[in-house]
Amino acid sequence: MKIKLVNLYRNSSILYKIMFNYIIIILLTVITLSWLNFNRISKSLEEVTNDHTLQMVKQVQNNIEFYISNMEKTINYISNDKSLLQYVNQSYTTDSEKKILEDDILYLFNNYSKTELDISGILFTDSYGNYISNNMKKIETTPLNNDFWFRKAVDSPNEIHLFSKPIGRNVRSIYDYYSADNVISIVKAVKDSKENFRGVIMIDMKLSVVEDIIDNVVLGKSGFLYVADNKGDVVYAPVNKIVYRIHPSITQDMQPQNNLHTIDNKNYQILKNYSNYTGYNVIGIFPTDETMSIIIEVIMYIILYGILIIILAIILSGLLTRSLTKPISKLRKLMAEAENGQLDVRFESKYNDEIGKLGKSFNKMIESIKNLINIVYIEQRKKRKAELRAFQAQIKPHFLYNTLDTINWMAQDYEADDISEIVTSLTNLFRISLSKGKEIITLKDEIKHVESYLTIQMARYEDKFDYTIDYDESLLESRVIKLIIQPIVENAIYHGIKECEHKGHISIKITKIENKICFIINDNGIGIDKETINEMNDMFNKVRDKTGKYGIGMFNVNERLKLSFGEDYGIKIESIKGHGTTIKILHPIIQD
């Protein structure tokens with residue numbers, strides 16, 4: 001019986017398999033969740049609640065550190081201000097110069113107070129107790145260098161110091177609506193270029209900054225956050241009677257997590273995060289009975305939703321599975337048609353789900369196959385055309401080759417050696433050009449072909465130019481496409497050297513670079529302008545179409561190389577107007 005049921009399941013359609021699996025999963029999920037151990041759920045939710053609370057506590061701490069860090073940056077900017085440095089170094093000789101520096105410093109303080117809305121006041125005090133401030137003044141005549149905040153900065157000049165609600169200091173705001181209860185004082189020493197102590201900068205940051213951060217955070221229904229310093233004294237706390245029932249020693253000695261305390265016969269979870277930068281503790285408090293009520297509520301909802309889901313699962317599973325299997329069947333049918341060579345089929349879907357994306361991938365695959373077929377067809381046609389042009393160019397020299405051979409013998413009979421040499425070079429030129437119809441020849445023959453061509457041209461132009469050919473002898477038996485150097489040399493003579501007034505020189509260098517043969521043909525002719533060079537290189541790389549104003553020699557060589565060996569091979573031109581041209585050709589190393 002068991003084997004029959006297994007075989008029945010295996011042989012069923014995907015539609016029924018999905019329906020069956022869907023219903024079984026829902027049933028198992030509901031039953032499992034309903035019978036989970038209560039303590040396990042309780043612990044999990046407690047951990048989640050604690051983690052969430054701790055993350056919020058850390059985020060608040062980060063926000064406070066961010067604002068304090070901005071204040072410290074402002075202090076650093078002010079400390080490095082040119083006018084302030086001149087003032088602390090007493091770089092003035094008259095009272096008027098001193099007054100100008102003081103005005104500049106006040107202007108700087110006012111600018112920061114206007115742009116940094118969190119600042120309620122800025123004050124600078126030198127080591128003698130003299131001070132400058134845009135909106136703070138002394139309360140008593142006692143020098144400010146006797147104040148507690150000044151002494152603290154003197155004792156630790158490399159650190160930033162925070163004073164929450166700095167009551168008892170000898171300064172106050174000129175505005176009635178700001179008092180020591182409404183600010184956090186941020187203090188840091190000022191040193192000159194020689195690291196000597198010169199004074200202290202104090203910025204009063206509005207306590208409303210911390211208030212806004214804290215009040216925007218909600219912990220459950222009755223939880224809250226507050227901030228305390230490293231002594232346990234409250235920096236800021238929302239209006240809540242629980243805060244003042246927590247003794248400072250509790251928050252100082254407790255661990256960051258899992259701290260249960262009973263306050264007014266009610267259990268509270270207390271979490272804290274300490275900042276080494278500010279010295280503040282951000283503390284989160286929430287009653288534990290809220291977690292228990294959530295646990296009971298979650299379990300009840302799980303049971304209720306489970307019953308509803310089981311009912312809906314039976315109804316919707318059929319509709320769902322049909323919506324999934326129908327497009328799969330359609331895609332399978334289209335694939336079968338594509339296998340039979342029908343490349344015009346396309347999968348159409350109204351949705352962008354996984355099946356829709358699979359259908360789009362199928363469409364792209366079919367389109368890519370069609371494009372590849374077209375590309376191969378076009379490239380083969382181009383290659384055949386290039387071979388045909390090369391073949392047509394080979395047909396014409398047959399008659400000339402035989403005639404020149406006769407002329408060579410006649411020149412030798414009359415001892416006309418110079419004529420014989422030129423005729424021999426021309427004969428070699430035609431012989432290698434023909435190469436019995438072969439497209440691939442040895443590098444040695446290619447070098448001999450260009451030498452024959454240069455011999456003829458030198459006889460024609462006499463002392464107009466000379467040439468050198470350097471090559472790696474290990475490459476001589478390598479096979480290359482024929483007639484790739486001569487068109488480049490021809491361009492160098494007719495478009496480079498012919499137009500220049502000085503004696504020309506053509507250098508041909510053939511070297512090995514990795515698995516490639518590199519031909520470098522250089523001339524000292526008139527060169528080519530940058531715009532033309534860029535245009536020709538774009539044509540070689542098929543970035544733009546070839547125009548009719550350029551000849552076909554180099555472009556034919558470049559096209560033959562790319563069609564035969566790929567886009568990594570071909571021609572590149574470099575030139576400086578008036579200083580010559582260099583052409584590089586890359587060709588693969590081919591051995592017999």
# chains A, B, ... in the order shown; residues from 1 in each chain; ligands from 1
>>> residues_around(residues="Tyr569 of chain A", least_positions_apart="6", cutoff="7 Å", atoms="only C-alpha atoms", output="count of residues only")
4
>>> select_by_dssp(residues="segment 82-303 of chain A", states="strand (DSSP E)", output="ChimeraX atom specification")
/A:119-126,131-133,136-138,161-164,171-173,183-191,197-206,224-228,234-236,259-263,266-274,281-287
>>> atom_distance(atom1="atom CA of Leu162 of chain A", atom2="atom CA of Lys73 of chain A")
14.3 Å
>>> residues_around(residues="segment 190-200 of chain A", least_positions_apart="4", cutoff="7 Å", atoms="only C-alpha atoms", output="list in words")
Ser79, Leu85, Val88, Phe124, Thr125, Asp126, Ser127, Phe150 and Ala153 of chain A
>>> closest_residue(among="A:Leu304, A:Ile441, A:Ile508, A:Ile521", to="Lys482 of chain A", atoms="only C-alpha atoms")
A:Ile441
>>> residues_around(residues="Gln486 of chain A", least_positions_apart="2", cutoff="10 Å", atoms="only C-alpha atoms", output="PyMOL selection string")
chain A and resi 429+446-447+449-454+482-484+488-492+553-554+557
>>> write_last_selection(atoms="all heavy atoms", output="short mmCIF file (atom, residue, chain, number, x, y, z; two decimals), in the first residue's frame")
data_model
loop_
_atom_site.label_atom_id
_atom_site.label_comp_id
_atom_site.auth_asym_id
_atom_site.auth_seq_id
_atom_site.Cartn_x
_atom_site.Cartn_y
_atom_site.Cartn_z
N LEU A 429 58.68 40.16 -56.37
CA LEU A 429 57.48 40.81 -55.85
C LEU A 429 56.22 40.12 -56.37
O LEU A 429 55.31 39.80 -55.61
CB LEU A 429 57.48 42.29 -56.27
CG LEU A 429 56.50 43.21 -55.56
CD1 LEU A 429 56.92 43.43 -54.12
CD2 LEU A 429 56.41 44.55 -56.29
N GLU A 446 57.57 36.97 -46.69
CA GLU A 446 56.95 38.29 -46.53
C GLU A 446 58.03 39.37 -46.45
O GLU A 446 57.88 40.46 -47.02
CB GLU A 446 56.06 38.32 -45.28
CG GLU A 446 55.36 39.63 -45.00
CD GLU A 446 54.30 39.98 -46.01
OE1 GLU A 446 53.91 39.10 -46.82
OE2 GLU A 446 53.84 41.14 -46.01
N ILE A 447 59.12 39.09 -45.72
CA ILE A 447 60.23 40.05 -45.63
C ILE A 447 60.89 40.22 -46.99
O ILE A 447 61.21 41.35 -47.40
CB ILE A 447 61.26 39.56 -44.57
CG1 ILE A 447 60.62 39.58 -43.17
CG2 ILE A 447 62.51 40.43 -44.59
CD1 ILE A 447 61.47 38.96 -42.10
N HIS A 449 59.50 39.87 -49.84
CA HIS A 449 58.57 40.61 -50.69
C HIS A 449 58.71 42.11 -50.48
O HIS A 449 58.80 42.89 -51.44
CB HIS A 449 57.14 40.17 -50.37
CG HIS A 449 56.09 40.89 -51.16
ND1 HIS A 449 55.49 42.03 -50.69
CD2 HIS A 449 55.55 40.65 -52.38
CE1 HIS A 449 54.62 42.47 -51.58
NE2 HIS A 449 54.62 41.63 -52.61
N VAL A 450 58.76 42.55 -49.20
CA VAL A 450 58.87 43.99 -48.95
C VAL A 450 60.26 44.50 -49.31
O VAL A 450 60.42 45.65 -49.74
CB VAL A 450 58.51 44.30 -47.48
CG1 VAL A 450 59.62 43.91 -46.52
CG2 VAL A 450 58.19 45.78 -47.31
N GLU A 451 61.31 43.66 -49.18
CA GLU A 451 62.65 44.07 -49.60
C GLU A 451 62.68 44.30 -51.12
O GLU A 451 63.29 45.27 -51.61
CB GLU A 451 63.67 43.01 -49.21
CG GLU A 451 64.03 43.02 -47.73
CD GLU A 451 65.06 41.95 -47.37
OE1 GLU A 451 65.06 40.90 -48.08
OE2 GLU A 451 65.81 42.15 -46.42
N SER A 452 62.03 43.42 -51.88
CA SER A 452 61.96 43.59 -53.33
C SER A 452 61.24 44.88 -53.68
O SER A 452 61.66 45.64 -54.57
CB SER A 452 61.25 42.39 -53.97
OG SER A 452 61.93 41.19 -53.70
N TYR A 453 60.15 45.17 -52.95
CA TYR A 453 59.39 46.39 -53.21
C TYR A 453 60.24 47.62 -52.91
O TYR A 453 60.26 48.58 -53.69
CB TYR A 453 58.12 46.39 -52.36
CG TYR A 453 57.33 47.67 -52.48
CD1 TYR A 453 56.54 47.92 -53.60
CD2 TYR A 453 57.41 48.64 -51.49
CE1 TYR A 453 55.84 49.11 -53.71
CE2 TYR A 453 56.71 49.83 -51.60
CZ TYR A 453 55.92 50.05 -52.72
OH TYR A 453 55.23 51.23 -52.83
N LEU A 454 60.97 47.60 -51.80
CA LEU A 454 61.81 48.73 -51.42
C LEU A 454 62.98 48.92 -52.39
O LEU A 454 63.38 50.06 -52.67
CB LEU A 454 62.33 48.54 -49.99
CG LEU A 454 61.30 48.77 -48.88
CD1 LEU A 454 61.82 48.27 -47.55
CD2 LEU A 454 60.95 50.25 -48.78
N LYS A 482 49.86 36.88 -46.27
CA LYS A 482 50.77 37.56 -47.19
C LYS A 482 50.32 38.99 -47.46
O LYS A 482 49.16 39.36 -47.29
CB LYS A 482 50.89 36.79 -48.50
CG LYS A 482 49.63 36.78 -49.36
CD LYS A 482 49.86 36.00 -50.63
CE LYS A 482 48.60 35.98 -51.51
NZ LYS A 482 48.78 35.19 -52.73
N LEU A 483 51.32 39.80 -47.86
CA LEU A 483 51.11 41.18 -48.29
C LEU A 483 50.50 42.04 -47.18
O LEU A 483 49.53 42.78 -47.40
CB LEU A 483 50.22 41.24 -49.54
CG LEU A 483 50.62 40.36 -50.73
CD1 LEU A 483 49.71 40.61 -51.91
CD2 LEU A 483 52.07 40.59 -51.11
N ILE A 484 51.07 41.96 -45.97
CA ILE A 484 50.58 42.83 -44.90
C ILE A 484 51.57 43.96 -44.60
O ILE A 484 51.16 44.98 -44.03
CB ILE A 484 50.31 42.03 -43.60
CG1 ILE A 484 51.56 41.30 -43.12
CG2 ILE A 484 49.17 41.07 -43.79
CD1 ILE A 484 51.36 40.61 -41.79
N ILE A 488 51.65 49.01 -46.04
CA ILE A 488 52.01 50.00 -45.02
C ILE A 488 53.24 50.80 -45.47
O ILE A 488 53.28 52.02 -45.35
CB ILE A 488 52.31 49.31 -43.67
CG1 ILE A 488 51.20 48.29 -43.32
CG2 ILE A 488 52.50 50.32 -42.58
CD1 ILE A 488 49.83 48.89 -43.23
N VAL A 489 54.25 50.08 -46.03
CA VAL A 489 55.45 50.75 -46.53
C VAL A 489 55.11 51.68 -47.69
O VAL A 489 55.63 52.79 -47.80
CB VAL A 489 56.50 49.69 -46.96
CG1 VAL A 489 57.68 50.35 -47.64
CG2 VAL A 489 56.97 48.90 -45.74
N GLU A 490 54.21 51.23 -48.55
CA GLU A 490 53.79 52.07 -49.68
C GLU A 490 53.18 53.38 -49.18
O GLU A 490 53.48 54.46 -49.70
CB GLU A 490 52.78 51.30 -50.54
CG GLU A 490 52.33 52.07 -51.77
CD GLU A 490 51.36 51.26 -52.63
OE1 GLU A 490 51.26 50.03 -52.40
OE2 GLU A 490 50.73 51.85 -53.52
N ASN A 491 52.32 53.31 -48.15
CA ASN A 491 51.74 54.52 -47.57
C ASN A 491 52.82 55.42 -46.97
O ASN A 491 52.74 56.65 -47.05
CB ASN A 491 50.72 54.16 -46.49
CG ASN A 491 49.37 53.84 -47.09
OD1 ASN A 491 49.15 54.05 -48.27
ND2 ASN A 491 48.47 53.32 -46.28
N ALA A 492 53.82 54.80 -46.33
CA ALA A 492 54.90 55.57 -45.72
C ALA A 492 55.67 56.37 -46.77
O ALA A 492 56.07 57.51 -46.54
CB ALA A 492 55.84 54.64 -44.94
N GLY A 553 44.34 50.10 -48.90
CA GLY A 553 45.46 49.20 -48.59
C GLY A 553 45.51 48.77 -47.15
O GLY A 553 45.39 47.58 -46.82
N MET A 554 45.69 49.72 -46.24
CA MET A 554 45.79 49.39 -44.81
C MET A 554 44.50 48.81 -44.28
O MET A 554 44.51 47.91 -43.45
CB MET A 554 46.18 50.63 -44.00
CG MET A 554 47.64 51.03 -44.16
SD MET A 554 48.15 52.18 -42.86
CE MET A 554 47.10 53.56 -43.22
N VAL A 557 44.27 45.18 -45.11
CA VAL A 557 45.13 44.37 -44.24
C VAL A 557 44.46 44.19 -42.88
O VAL A 557 44.39 43.09 -42.33
CB VAL A 557 46.51 45.05 -44.07
CG1 VAL A 557 47.32 44.34 -42.99
CG2 VAL A 557 47.25 45.07 -45.38
#
>>> atom_distance(atom1="atom CA of Asn170 of chain A", atom2="atom CA of Met136 of chain A")
10.2 Å
>>> residues_around(residues="Asp215 of chain A", least_positions_apart="4", cutoff="9 Å", atoms="only C-alpha atoms", output="PyMOL selection string")
chain A and resi 210-211+224-225+238
>>> residues_around(residues="Asn276 of chain A", least_positions_apart="4", cutoff="10 Å", atoms="only C-alpha atoms", output="list of chain:residue names")
A:Glu65, A:Asn230, A:Tyr280, A:Asn281
>>> closest_residue(among="A:Asn556, A:Thr288, A:Gln457, A:Asn522", to="His579 of chain A", atoms="only C-alpha atoms")
A:Asn522
>>> closest_residue(among="A:Met365, A:Val543, A:Leu358, A:Ile186", to="Asp344 of chain A", atoms="only C-alpha atoms")
A:Met365
>>> atom_distance(atom1="atom CA of Ile315 of chain A", atom2="atom CA of Ile31 of chain A")
19.5 Å
>>> closest_residue(among="A:Thr468, A:Thr278, A:Asn70, A:Asn537", to="Ile571 of chain A", atoms="only C-alpha atoms")
A:Asn537
>>> closest_residue(among="A:Leu443, A:Val345, A:Ile309, A:Ile378", to="Thr29 of chain A", atoms="only C-alpha atoms")
A:Ile309
>>> closest_residue(among="A:Ile506, A:Ile263, A:Leu108, A:Ile513", to="Ile583 of chain A", atoms="only C-alpha atoms")
A:Ile506
>>> residues_around(residues="Ile576 of chain A", least_positions_apart="5", cutoff="7 Å", atoms="only C-alpha atoms", output="number ranges by chain")
A: 527-529, 581
